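File shown: upload-v3.txt. Contents: compact mmCIF, C-alpha atoms and all ligand atoms.
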# COMPACT_ATOMS: atom_id res chain seq x y z
CA MET A 24 101.07 115.92 70.46
CA LYS A 25 100.13 115.21 74.09
CA THR A 26 96.63 113.77 74.55
CA ASP A 27 94.23 113.93 77.52
CA ARG A 28 95.19 110.32 78.18
CA ASP A 29 98.91 111.19 78.37
CA ASP A 30 98.10 113.94 80.89
CA PHE A 31 96.00 111.54 82.94
CA LEU A 32 98.73 108.87 82.91
CA ASN A 33 101.14 111.52 84.07
CA TYR A 34 98.80 112.40 86.94
CA LEU A 35 98.65 108.69 87.89
CA ARG A 36 102.46 108.51 87.81
CA THR A 37 102.61 111.42 90.24
CA LEU A 38 100.22 109.60 92.56
CA ARG A 39 102.37 106.48 92.36
CA THR A 40 105.62 108.24 93.18
CA ARG A 41 104.32 110.74 95.72
CA TRP A 42 101.84 108.52 97.59
CA SER A 43 103.20 105.03 96.73
CA LEU A 44 99.82 104.12 95.29
CA ASN A 45 99.49 100.81 93.61
CA LEU A 46 96.58 101.33 91.23
CA ARG A 47 95.95 98.75 88.49
CA THR A 48 94.85 100.46 85.29
CA GLU A 49 94.65 97.71 82.66
CA ASP A 50 90.79 97.70 82.58
CA ALA A 51 90.35 101.47 82.65
CA VAL A 52 88.03 103.10 80.13
CA LYS A 53 87.66 106.80 79.47
CA HIS A 54 84.19 108.25 79.95
CA PRO A 55 83.31 111.48 78.10
CA ASP A 56 84.37 114.78 79.67
CA PHE A 57 81.65 116.32 81.75
CA ALA A 58 81.08 120.08 81.78
CA GLU A 59 79.46 122.03 84.60
CA THR A 60 76.77 123.56 82.39
CA SER A 61 74.82 120.29 82.36
CA LEU A 62 75.27 119.48 86.08
CA VAL A 63 71.69 120.16 87.14
CA TYR A 64 68.81 118.25 85.56
CA GLU A 65 65.83 120.58 85.16
CA GLY A 66 63.63 118.53 82.81
CA PRO A 67 60.41 116.66 83.56
CA ARG A 68 60.15 114.21 86.48
CA PRO A 69 60.29 111.36 86.94
CA ARG A 70 63.13 111.29 84.45
CA GLU A 71 64.14 108.25 82.52
CA ILE A 72 67.74 107.14 82.95
CA ILE A 73 69.04 104.92 80.17
CA LEU A 74 71.90 102.54 80.82
CA ASP A 75 73.23 99.91 78.43
CA HIS A 76 71.65 96.45 78.88
CA LEU A 77 69.07 97.62 81.46
CA GLU A 78 65.47 98.71 81.16
CA PRO A 79 65.20 102.50 81.63
CA ILE A 80 65.16 103.51 85.30
CA LEU A 81 62.72 106.18 86.49
CA GLU A 82 64.09 108.75 88.90
CA GLN A 83 62.10 111.12 91.06
CA GLY A 84 64.20 113.92 92.58
CA ASP A 85 64.63 117.68 92.39
CA ARG A 86 67.10 120.38 91.38
CA HIS A 87 69.38 119.56 94.30
CA LEU A 88 68.86 115.82 94.63
CA GLY A 89 69.39 113.38 91.82
CA ALA A 90 71.84 111.22 89.96
CA ASP A 91 74.69 113.19 88.42
CA HIS A 92 77.57 112.37 86.08
CA ALA A 93 79.46 110.59 88.89
CA THR A 94 76.43 108.39 89.63
CA LEU A 95 76.08 107.54 85.94
CA SER A 96 79.77 106.66 85.53
CA THR A 97 79.57 104.42 88.58
CA ALA A 98 76.37 102.82 87.25
CA GLN A 99 78.06 102.02 83.93
CA VAL A 100 80.94 100.33 85.74
CA LEU A 101 78.48 98.28 87.82
CA VAL A 102 76.63 97.12 84.71
CA LYS A 103 79.93 95.85 83.30
CA ALA A 104 80.72 94.18 86.65
CA GLN A 105 77.38 92.33 86.73
CA GLU A 106 78.96 89.00 87.67
CA LYS A 107 80.34 90.59 90.86
CA ILE A 108 76.89 91.89 91.85
CA ARG A 109 74.62 88.99 90.87
CA GLY A 110 73.59 86.87 93.87
CA LYS A 111 75.40 89.16 96.37
CA VAL A 112 74.28 91.22 99.36
CA VAL A 113 75.07 94.79 98.31
CA CYS A 114 75.07 97.93 100.43
CA GLU A 115 75.08 101.44 98.99
CA VAL A 116 76.26 104.08 101.46
CA GLY A 117 74.98 107.63 100.89
CA CYS A 118 72.38 106.41 98.40
CA GLY A 119 70.78 109.77 97.48
CA THR A 120 67.87 108.95 95.18
CA ALA A 121 68.99 105.27 95.11
CA LEU A 122 69.82 104.94 91.42
CA LEU A 123 72.86 102.72 92.10
CA SER A 124 70.86 100.54 94.49
CA ILE A 125 68.18 100.06 91.83
CA VAL A 126 70.87 99.21 89.27
CA CYS A 127 72.23 96.52 91.63
CA TYR A 128 68.73 95.11 92.16
CA ARG A 129 68.29 94.94 88.37
CA LEU A 130 71.69 93.26 88.04
CA GLY A 131 70.45 90.43 90.23
CA ALA A 132 71.81 91.27 93.68
CA ARG A 133 70.41 88.81 96.26
CA ARG A 134 69.59 91.67 98.63
CA VAL A 135 70.18 95.42 98.44
CA LEU A 136 70.67 97.64 101.50
CA ALA A 137 71.05 101.41 101.30
CA THR A 138 71.86 104.15 103.79
CA ASP A 139 71.72 107.93 103.81
CA ILE A 140 71.94 110.53 106.54
CA ASP A 141 69.41 112.83 104.85
CA PRO A 142 65.71 111.98 105.30
CA GLU A 143 64.75 113.99 102.21
CA CYS A 144 66.99 111.77 100.04
CA LEU A 145 65.53 108.67 101.62
CA ALA A 146 61.99 109.82 100.80
CA TYR A 147 62.93 110.12 97.10
CA ALA A 148 64.89 106.85 97.30
CA ARG A 149 61.83 104.97 98.64
CA GLU A 150 59.65 106.49 95.94
CA ASN A 151 62.13 105.47 93.24
CA VAL A 152 62.32 101.92 94.49
CA LYS A 153 58.53 101.71 94.20
CA LEU A 154 58.47 103.38 90.77
CA ASN A 155 60.96 100.80 89.47
CA ARG A 156 59.43 97.81 91.26
CA ALA A 157 62.73 97.11 93.01
CA GLU A 158 63.39 95.92 96.57
CA VAL A 159 65.81 97.81 98.80
CA SER A 160 66.06 97.95 102.62
CA PHE A 161 66.83 101.48 103.81
CA PHE A 162 68.67 102.67 106.92
CA GLN A 163 68.98 106.28 108.01
CA GLY A 164 72.23 107.30 109.69
CA ASN A 165 75.94 107.93 109.43
CA LEU A 166 77.78 105.87 106.79
CA LEU A 167 77.67 102.13 107.60
CA GLU A 168 77.05 102.60 111.33
CA CYS A 169 73.28 102.29 110.91
CA VAL A 170 73.45 98.86 109.24
CA PRO A 171 73.25 96.05 111.81
CA ARG A 172 76.43 93.99 112.03
CA THR A 173 74.33 90.88 111.48
CA GLU A 174 73.86 91.87 107.81
CA PRO A 175 76.35 89.77 105.79
CA ILE A 176 77.42 92.46 103.29
CA GLU A 177 79.48 91.26 100.32
CA VAL A 178 79.68 94.37 98.10
CA ILE A 179 79.81 98.01 99.23
CA LEU A 180 79.23 101.06 97.02
CA GLY A 181 79.78 104.73 97.67
CA ASN A 182 79.62 107.94 95.70
CA LEU A 183 80.23 110.02 98.78
CA PRO A 184 80.61 113.80 99.38
CA GLN A 185 84.27 114.76 98.80
CA LYS A 186 84.60 118.40 97.82
CA PRO A 187 87.26 120.02 100.03
CA SER A 188 85.24 122.37 102.18
CA PRO A 189 86.98 124.81 104.53
CA GLY A 190 83.62 125.79 106.05
CA LEU A 191 80.14 124.39 106.34
CA ARG A 192 78.61 126.87 103.93
CA ALA A 193 80.59 125.97 100.79
CA PHE A 194 78.39 123.00 99.81
CA SER A 195 75.28 121.06 100.73
CA ILE A 196 75.58 117.83 102.72
CA ALA A 197 75.61 115.89 99.42
CA TYR A 198 79.01 117.31 98.42
CA ARG A 199 80.75 118.54 101.61
CA GLY A 200 83.87 116.47 102.24
CA GLY A 201 85.56 118.33 105.12
CA TYR A 202 88.91 120.17 105.04
CA ASP A 203 90.66 118.08 102.34
CA GLY A 204 87.58 116.30 100.96
CA THR A 205 88.29 112.97 102.64
CA ALA A 206 86.53 113.23 106.02
CA LEU A 207 83.79 110.77 105.09
CA LEU A 208 85.75 108.65 102.62
CA ARG A 209 88.40 107.75 105.22
CA LYS A 210 85.81 106.60 107.79
CA TRP A 211 83.82 104.76 105.14
CA ILE A 212 86.86 102.85 103.85
CA VAL A 213 87.81 101.74 107.36
CA GLN A 214 84.22 100.66 108.08
CA ALA A 215 83.96 98.85 104.73
CA SER A 216 87.22 97.07 105.33
CA GLU A 217 85.91 95.81 108.70
CA ARG A 218 82.65 94.57 107.17
CA LEU A 219 83.94 92.82 104.04
CA ASN A 220 85.60 89.43 103.78
CA ARG A 221 88.52 88.44 101.62
CA GLY A 222 87.60 88.59 97.90
CA ASN A 223 84.58 90.89 98.49
CA HIS A 224 84.27 94.03 96.37
CA LEU A 225 83.96 97.74 96.98
CA TYR A 226 83.13 100.37 94.35
CA LEU A 227 83.70 104.07 94.80
CA PHE A 228 83.75 107.30 92.92
CA TYR A 229 86.83 109.35 93.76
CA HIS A 230 87.72 112.74 92.33
CA SER A 231 91.05 114.48 92.25
CA LEU A 232 90.04 117.54 94.29
CA ALA A 233 90.03 115.27 97.36
CA ASN A 234 93.35 114.40 99.00
CA PRO A 235 94.75 111.29 97.22
CA GLN A 236 96.26 110.17 100.51
CA VAL A 237 92.85 108.59 101.12
CA LEU A 238 93.68 106.08 98.38
CA GLN A 239 96.64 104.93 100.50
CA VAL A 240 94.11 104.08 103.19
CA LEU A 241 92.16 102.11 100.56
CA ASN A 242 95.32 100.37 99.35
CA ARG A 243 96.09 99.04 102.86
CA ASP A 244 93.41 96.32 102.75
CA PHE A 245 92.28 96.36 99.12
CA ASP A 246 93.78 95.68 95.70
CA VAL A 247 92.63 98.74 93.77
CA LEU A 248 91.65 98.77 90.08
CA LEU A 249 90.80 101.84 88.06
CA LYS A 250 87.66 101.00 86.04
CA ALA A 251 86.77 104.37 84.48
CA TRP A 252 87.97 107.96 84.41
CA LYS A 253 86.81 111.27 83.02
CA ARG A 254 87.61 114.96 83.12
CA ARG A 255 85.11 117.09 85.01
CA ILE A 256 85.25 120.60 83.64
CA PHE A 257 84.25 123.48 85.90
CA THR A 258 84.28 127.24 85.74
CA HIS A 259 85.96 129.64 88.10
CA ARG A 260 82.46 130.83 89.08
CA GLU A 261 81.26 127.35 90.08
CA LEU A 262 83.98 126.75 92.65
CA GLU A 263 85.17 130.27 93.43
CA GLY A 264 84.27 129.82 97.12
CA ILE A 265 86.90 127.10 97.52
CA LEU A 266 89.45 128.00 94.81
CA PRO A 267 91.95 129.67 97.20
CA HIS A 268 91.60 126.66 99.53
CA ILE A 269 92.08 123.99 96.85
CA SER A 270 94.94 126.02 95.33
CA ARG A 271 96.75 125.79 98.69
CA LEU A 272 96.02 122.06 98.91
CA LYS A 273 97.27 121.62 95.34
CA LYS A 274 100.67 123.13 96.26
CA GLU A 275 100.94 120.48 99.00
CA GLY A 276 100.02 117.70 96.50
CA LYS A 277 96.70 117.17 98.30
CA SER A 278 94.34 118.24 95.53
CA PHE A 279 94.59 118.23 91.76
CA PHE A 280 92.98 120.41 89.11
CA GLU A 281 94.33 122.15 86.01
CA VAL A 282 93.44 124.96 83.67
CA HIS A 283 91.29 123.68 80.79
CA ASP A 284 90.74 126.92 78.89
CA ALA A 285 92.21 130.09 80.36
CA SER A 286 90.23 132.45 78.08
CA SER A 287 86.85 131.20 79.37
CA GLY A 288 88.04 130.61 82.96
CA GLN A 289 87.58 126.83 82.75
CA TYR A 290 89.43 124.25 84.82
CA PHE A 291 89.14 120.49 85.17
CA PHE A 292 89.69 117.79 87.75
CA TYR A 293 89.60 114.01 87.24
CA GLY A 294 86.76 111.72 88.29
CA MET A 295 87.49 108.01 88.69
CA VAL A 296 85.49 104.88 89.42
CA LEU A 297 87.59 102.46 91.46
CA GLU A 298 87.08 98.83 92.36
CA GLY A 299 88.62 97.50 95.54
CA ILE A 300 89.06 93.79 96.19
CA ARG A 301 89.41 92.95 99.89
CA ARG A 302 92.71 91.15 100.55
C1 LIG B 401 77.25 112.91 96.09
S1 LIG B 401 75.72 112.37 96.79
C2 LIG B 401 75.52 110.82 95.94
C3 LIG B 401 74.19 110.22 96.04
C4 LIG B 401 74.00 108.89 95.29
N1 LIG B 401 74.86 107.86 95.84
C5 LIG B 401 74.29 109.05 93.83
O1 LIG B 401 75.35 108.58 93.38
O2 LIG B 401 73.47 109.68 93.14
C6 LIG B 401 76.23 111.89 98.42
C7 LIG B 401 75.13 111.36 99.32
O3 LIG B 401 75.73 111.06 100.60
C8 LIG B 401 74.81 111.42 101.63
N2 LIG B 401 75.58 111.62 102.88
C9 LIG B 401 76.26 112.70 103.28
N3 LIG B 401 76.85 112.48 104.47
C10 LIG B 401 76.52 111.21 104.82
C11 LIG B 401 76.82 110.39 105.96
N4 LIG B 401 77.58 110.83 106.95
N5 LIG B 401 76.30 109.15 106.01
C12 LIG B 401 75.51 108.67 105.00
N6 LIG B 401 75.19 109.42 103.91
C13 LIG B 401 75.69 110.65 103.82
C14 LIG B 401 74.14 112.67 101.09
O4 LIG B 401 72.91 112.92 101.74
C15 LIG B 401 74.00 112.34 99.61
O5 LIG B 401 72.79 111.69 99.35
If you took the structure in this file and wrote it as structure tokens, what would it be?
Amino acid sequence: MKTDRDDFLNYLRTLRTRWSLNLRTEDAVKHPDFAETSLVYEGPRPREIILDHLEPILEQGDRHLGADHATLSTAQVLVKAQEKIRGKVVCEVGCGTALLSIVCYRLGARRVLATDIDPECLAYARENVKLNRAEVSFFQGNLLECVPRTEPIEVILGNLPQKPSPGLRAFSIAYRGGYDGTALLRKWIVQASERLNRGNHLYLFYHSLANPQVLQVLNRDFDVLLKAWKRRIFTHRELEGILPHISRLKKEGKSFFEVHDASSGQYFFYGMVLEGIRR
């Protein structure tokens, strides 16, 4: 019988043949499927986020702003990659409530920088840094442009907006990724490539609704390793505003999702945490 893993490997094979992607998968672990019903955290604040090997992290935020399953998958990968974070200057781009920045501080980064375009996120991020007695330098602005070139960045992180969005109204700024989902990712990868030296690391969350061609851009200057993957299950209702759009992109090989359970109108796409090593 075919397993979820077989299906995922098949998806990766398609990426390899169609987009000539060279993605190393030997370290990849499967994270649990994530279903839309638990997307929004509505419990008490600050909430306690528990990650293996770290003291609980307190997170202030609200219904629209806060760590989600993609943040937590990325955080788990960073904890496992501690030796690549310890002693390094790390910059998180699009930090939201700054959970990943705080994780890097706890993992022993020499200095942590974080950017976001949204002042409301930065207010929560500053509060969270205080709550967790961490140290992070914040910059408000577009991607990496607001970080002075004099900062010697050695590791760059990003869980950036990447939902294909035909119009501005489909999603908030935290999720809107432009026509094929890659508007910000493409710019960010080019900027990161300019700022990092040979052997430096980049970590990103990528999901399969966004055009995989962006991974070709990543592959130009980086060796790319898949560290974790999961299925993100969603309902027709959750993404109905963009379903016709992503269905068109899917026919062109520029977006991927599949039916999960036809009777309850559920679909899934893949979420992946990738590590890039600057060549
Ligand atoms: C999907 S959220 C992730 C937040 C956080 N990194 C996390 O993992 O919880 C994306 C973040 O990118 C920020 N963002 C959107 N456009 C941006 C841009 N052009 N430059 C910097 N940050 C941006 C949003 O405000 C939001 O906080």
Pull the closest atom pair for each residue of chain A that gets at most 9 Å from ligand LIG 401 (chain B), along with the distance in Å to one decimal, counting only C-alpha atoms and all ligand atoms, ordering rows by chain and then ascending residue number, as CSV.
residue,atom,partner,partner_atom,distance
A:Leu88,CA,B:LIG401,O5,7.4
A:Gly89,CA,B:LIG401,O2,5.7
A:Ala90,CA,B:LIG401,O2,3.9
A:Asp91,CA,B:LIG401,O2,6.0
A:His92,CA,B:LIG401,O1,8.5
A:Ala93,CA,B:LIG401,O1,6.4
A:Thr94,CA,B:LIG401,O1,3.9
A:Leu95,CA,B:LIG401,O1,7.5
A:Thr97,CA,B:LIG401,O1,7.6
A:Ala98,CA,B:LIG401,O1,8.5
A:Glu115,CA,B:LIG401,N1,7.2
A:Val116,CA,B:LIG401,C12,5.8
A:Gly117,CA,B:LIG401,N6,3.5
A:Cys118,CA,B:LIG401,N1,3.8
A:Gly119,CA,B:LIG401,O5,3.4
A:Thr120,CA,B:LIG401,O2,6.0
A:Ala121,CA,B:LIG401,C4,6.2
A:Leu122,CA,B:LIG401,O2,6.2
A:Leu123,CA,B:LIG401,O1,6.5
A:Ser124,CA,B:LIG401,N1,8.5
A:Thr138,CA,B:LIG401,C12,5.9
A:Asp139,CA,B:LIG401,N6,3.8
A:Ile140,CA,B:LIG401,C12,4.3
A:Asp141,CA,B:LIG401,O4,4.7
A:Pro142,CA,B:LIG401,O4,8.1
A:Glu143,CA,B:LIG401,O4,8.2
A:Cys144,CA,B:LIG401,O5,5.8
A:Leu145,CA,B:LIG401,O5,8.2
A:Gln163,CA,B:LIG401,C12,7.6
A:Gly164,CA,B:LIG401,N5,5.8
A:Asn165,CA,B:LIG401,N5,3.6
A:Leu166,CA,B:LIG401,N5,3.7
A:Leu167,CA,B:LIG401,N5,7.3
A:Glu168,CA,B:LIG401,N5,8.5
A:Cys169,CA,B:LIG401,N5,9.0
A:Leu180,CA,B:LIG401,N1,8.2
A:Gly181,CA,B:LIG401,N1,6.1
A:Asn182,CA,B:LIG401,N1,4.8
A:Leu183,CA,B:LIG401,C6,4.4
A:Pro184,CA,B:LIG401,C1,4.8
A:Gln185,CA,B:LIG401,C1,7.7
A:Ser195,CA,B:LIG401,C14,8.5
A:Ile196,CA,B:LIG401,C9,5.2
A:Ala197,CA,B:LIG401,C15,3.9
A:Tyr198,CA,B:LIG401,C1,5.3
A:Arg199,CA,B:LIG401,C9,7.6
A:Gly200,CA,B:LIG401,N3,8.4
A:Leu207,CA,B:LIG401,N4,6.5
A:Trp211,CA,B:LIG401,N5,8.8
A:Phe228,CA,B:LIG401,O1,8.5
Which residues are near A:Glu106? Cut-off 12 Å, all atoms listed in the file, ignore same chain within fewer than 2 positions. Put them as a VMD selection string. chain A and resid 100 to 104 108 to 111 127 130 to 132 178 224
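Here atom CA of A:Ala157 is placed at a distance of 26.5 Å from atom CA of A:Ala251.
One distance worth recording is that between atom CA of A:Gln99 and atom CA of A:Glu217, which is 26.7 Å.
Interatomic distance, atom CA of A:Ile73 to atom CA of A:Ile125: 12.7 Å.
With distances taken over only C-alpha atoms, A:Lys53 is the one residue among A:Arg149, A:Arg39, A:Lys53, A:His87 lying closest to A:Lys253.
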(Q) Please list as a PyMOL selection string every residue within 8 Å of A:Trp252, counting only C-alpha atoms and excluding residues in the same chain fewer than 2 positions away. (A) chain A and resi 51-54+249-250+254+293-296
Of A:Ala148, A:Val247, A:Leu225, A:Ile269, the one sitting nearest A:Tyr202 when using only C-alpha atoms is A:Ile269
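Take the candidates A:Thr258, A:Ser270, A:Thr48, A:Thr26 and check each one against A:His283 using all atoms listed in the file; the shortest distance goes to A:Thr258.
Within the 9 Å cut-off around A:Leu35, using all atoms listed in the file and omitting residues fewer than 4 positions from it on the same chain, the listed residues are Asp30, Phe31, Arg39, Thr40, Leu44 and Leu46 of chain A.
Considering all atoms listed in the file, the residue among A:Leu248, A:Gln239, A:Ser216, A:His230 positioned nearest to A:Glu49 is A:Leu248.
Distances to A:Leu272 were evaluated for A:Asp75, A:Gly190, A:Thr173, A:Ser231 using only C-alpha atoms, and the minimum falls at A:Ser231.
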Report as a ChimeraX atom specification all protein, DNA and RNA residues lying within 10 Å of A:Asn220, evaluated on all atoms listed in the file, omitting residues in the same chain fewer than 6 positions from it. /A:175-178,300-302
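The closest residue to A:Pro55, picked from A:Arg255, A:Arg243, A:Lys186, A:Lys153 and counting all atoms listed in the file, is A:Arg255.
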message: Can you pull out the residues contacting A:Gln289? Cut-off 10 Å, using only C-alpha atoms, and skip same-chain residues under 6 positions away; I want them as number ranges by chain.
response: A: 58-59, 256-261, 281-283
Completion of stretch 171-192 of chain A up to N, CA and C atoms, as a PDB file, in the frame of the given file:
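File produced: out.pdb:
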ATOM      1  N   PRO A 171      72.896  97.017 110.777  1.00  0.00           N
ATOM      2  CA  PRO A 171      73.250  96.050 111.810  1.00  0.00           C
ATOM      3  C   PRO A 171      74.392  95.137 111.384  1.00  0.00           C
ATOM      4  N   ARG A 172      75.241  94.818 112.328  1.00  0.00           N
ATOM      5  CA  ARG A 172      76.430  93.990 112.030  1.00  0.00           C
ATOM      6  C   ARG A 172      76.032  92.573 111.598  1.00  0.00           C
ATOM      7  N   THR A 173      74.782  92.217 111.867  1.00  0.00           N
ATOM      8  CA  THR A 173      74.330  90.880 111.480  1.00  0.00           C
ATOM      9  C   THR A 173      74.107  90.763 109.972  1.00  0.00           C
ATOM     10  N   GLU A 174      74.063  91.905 109.269  1.00  0.00           N
ATOM     11  CA  GLU A 174      73.860  91.870 107.810  1.00  0.00           C
ATOM     12  C   GLU A 174      75.157  91.416 107.141  1.00  0.00           C
ATOM     13  N   PRO A 175      75.110  90.308 106.390  1.00  0.00           N
ATOM     14  CA  PRO A 175      76.350  89.770 105.790  1.00  0.00           C
ATOM     15  C   PRO A 175      76.694  90.447 104.457  1.00  0.00           C
ATOM     16  N   ILE A 176      77.204  91.670 104.518  1.00  0.00           N
ATOM     17  CA  ILE A 176      77.420  92.460 103.290  1.00  0.00           C
ATOM     18  C   ILE A 176      78.608  91.911 102.499  1.00  0.00           C
ATOM     19  N   GLU A 177      78.404  91.802 101.175  1.00  0.00           N
ATOM     20  CA  GLU A 177      79.480  91.260 100.320  1.00  0.00           C
ATOM     21  C   GLU A 177      80.034  92.280  99.316  1.00  0.00           C
ATOM     22  N   VAL A 178      79.220  93.311  99.009  1.00  0.00           N
ATOM     23  CA  VAL A 178      79.680  94.370  98.100  1.00  0.00           C
ATOM     24  C   VAL A 178      79.250  95.704  98.694  1.00  0.00           C
ATOM     25  N   ILE A 179      80.158  96.677  98.708  1.00  0.00           N
ATOM     26  CA  ILE A 179      79.810  98.010  99.230  1.00  0.00           C
ATOM     27  C   ILE A 179      80.067  99.057  98.153  1.00  0.00           C
ATOM     28  N   LEU A 180      79.099  99.985  98.014  1.00  0.00           N
ATOM     29  CA  LEU A 180      79.230 101.060  97.020  1.00  0.00           C
ATOM     30  C   LEU A 180      79.190 102.410  97.708  1.00  0.00           C
ATOM     31  N   GLY A 181      79.891 103.373  97.134  1.00  0.00           N
ATOM     32  CA  GLY A 181      79.780 104.730  97.670  1.00  0.00           C
ATOM     33  C   GLY A 181      80.193 105.789  96.663  1.00  0.00           C
ATOM     34  N   ASN A 182      79.274 106.715  96.426  1.00  0.00           N
ATOM     35  CA  ASN A 182      79.620 107.940  95.700  1.00  0.00           C
ATOM     36  C   ASN A 182      79.394 109.030  96.735  1.00  0.00           C
ATOM     37  N   LEU A 183      80.414 109.227  97.568  1.00  0.00           N
ATOM     38  CA  LEU A 183      80.230 110.020  98.780  1.00  0.00           C
ATOM     39  C   LEU A 183      80.690 111.479  98.596  1.00  0.00           C
ATOM     40  N   PRO A 184      80.188 112.392  99.454  1.00  0.00           N
ATOM     41  CA  PRO A 184      80.610 113.800  99.380  1.00  0.00           C
ATOM     42  C   PRO A 184      82.124 113.895  99.549  1.00  0.00           C
ATOM     43  N   GLN A 185      82.802 114.673  98.690  1.00  0.00           N
ATOM     44  CA  GLN A 185      84.270 114.760  98.800  1.00  0.00           C
ATOM     45  C   GLN A 185      84.843 116.061  98.250  1.00  0.00           C
ATOM     46  N   LYS A 186      84.024 117.117  98.220  1.00  0.00           N
ATOM     47  CA  LYS A 186      84.600 118.400  97.820  1.00  0.00           C
ATOM     48  C   LYS A 186      85.308 118.995  99.029  1.00  0.00           C
ATOM     49  N   PRO A 187      86.594 119.374  98.894  1.00  0.00           N
ATOM     50  CA  PRO A 187      87.260 120.020 100.030  1.00  0.00           C
ATOM     51  C   PRO A 187      86.457 121.245 100.451  1.00  0.00           C
ATOM     52  N   SER A 188      86.157 121.327 101.729  1.00  0.00           N
ATOM     53  CA  SER A 188      85.240 122.370 102.180  1.00  0.00           C
ATOM     54  C   SER A 188      85.788 122.987 103.462  1.00  0.00           C
ATOM     55  N   PRO A 189      86.401 124.177 103.347  1.00  0.00           N
ATOM     56  CA  PRO A 189      86.980 124.810 104.530  1.00  0.00           C
ATOM     57  C   PRO A 189      85.920 125.185 105.555  1.00  0.00           C
ATOM     58  N   GLY A 190      84.691 125.428 105.114  1.00  0.00           N
ATOM     59  CA  GLY A 190      83.620 125.790 106.050  1.00  0.00           C
ATOM     60  C   GLY A 190      82.372 125.031 105.703  1.00  0.00           C
ATOM     61  N   LEU A 191      81.370 125.158 106.565  1.00  0.00           N
ATOM     62  CA  LEU A 191      80.140 124.390 106.340  1.00  0.00           C
ATOM     63  C   LEU A 191      79.304 124.948 105.193  1.00  0.00           C
ATOM     64  N   ARG A 192      79.541 126.246 104.873  1.00  0.00           N
ATOM     65  CA  ARG A 192      78.610 126.870 103.930  1.00  0.00           C
ATOM     66  C   ARG A 192      78.946 126.598 102.451  1.00  0.00           C
TER      67      ARG A 192
END
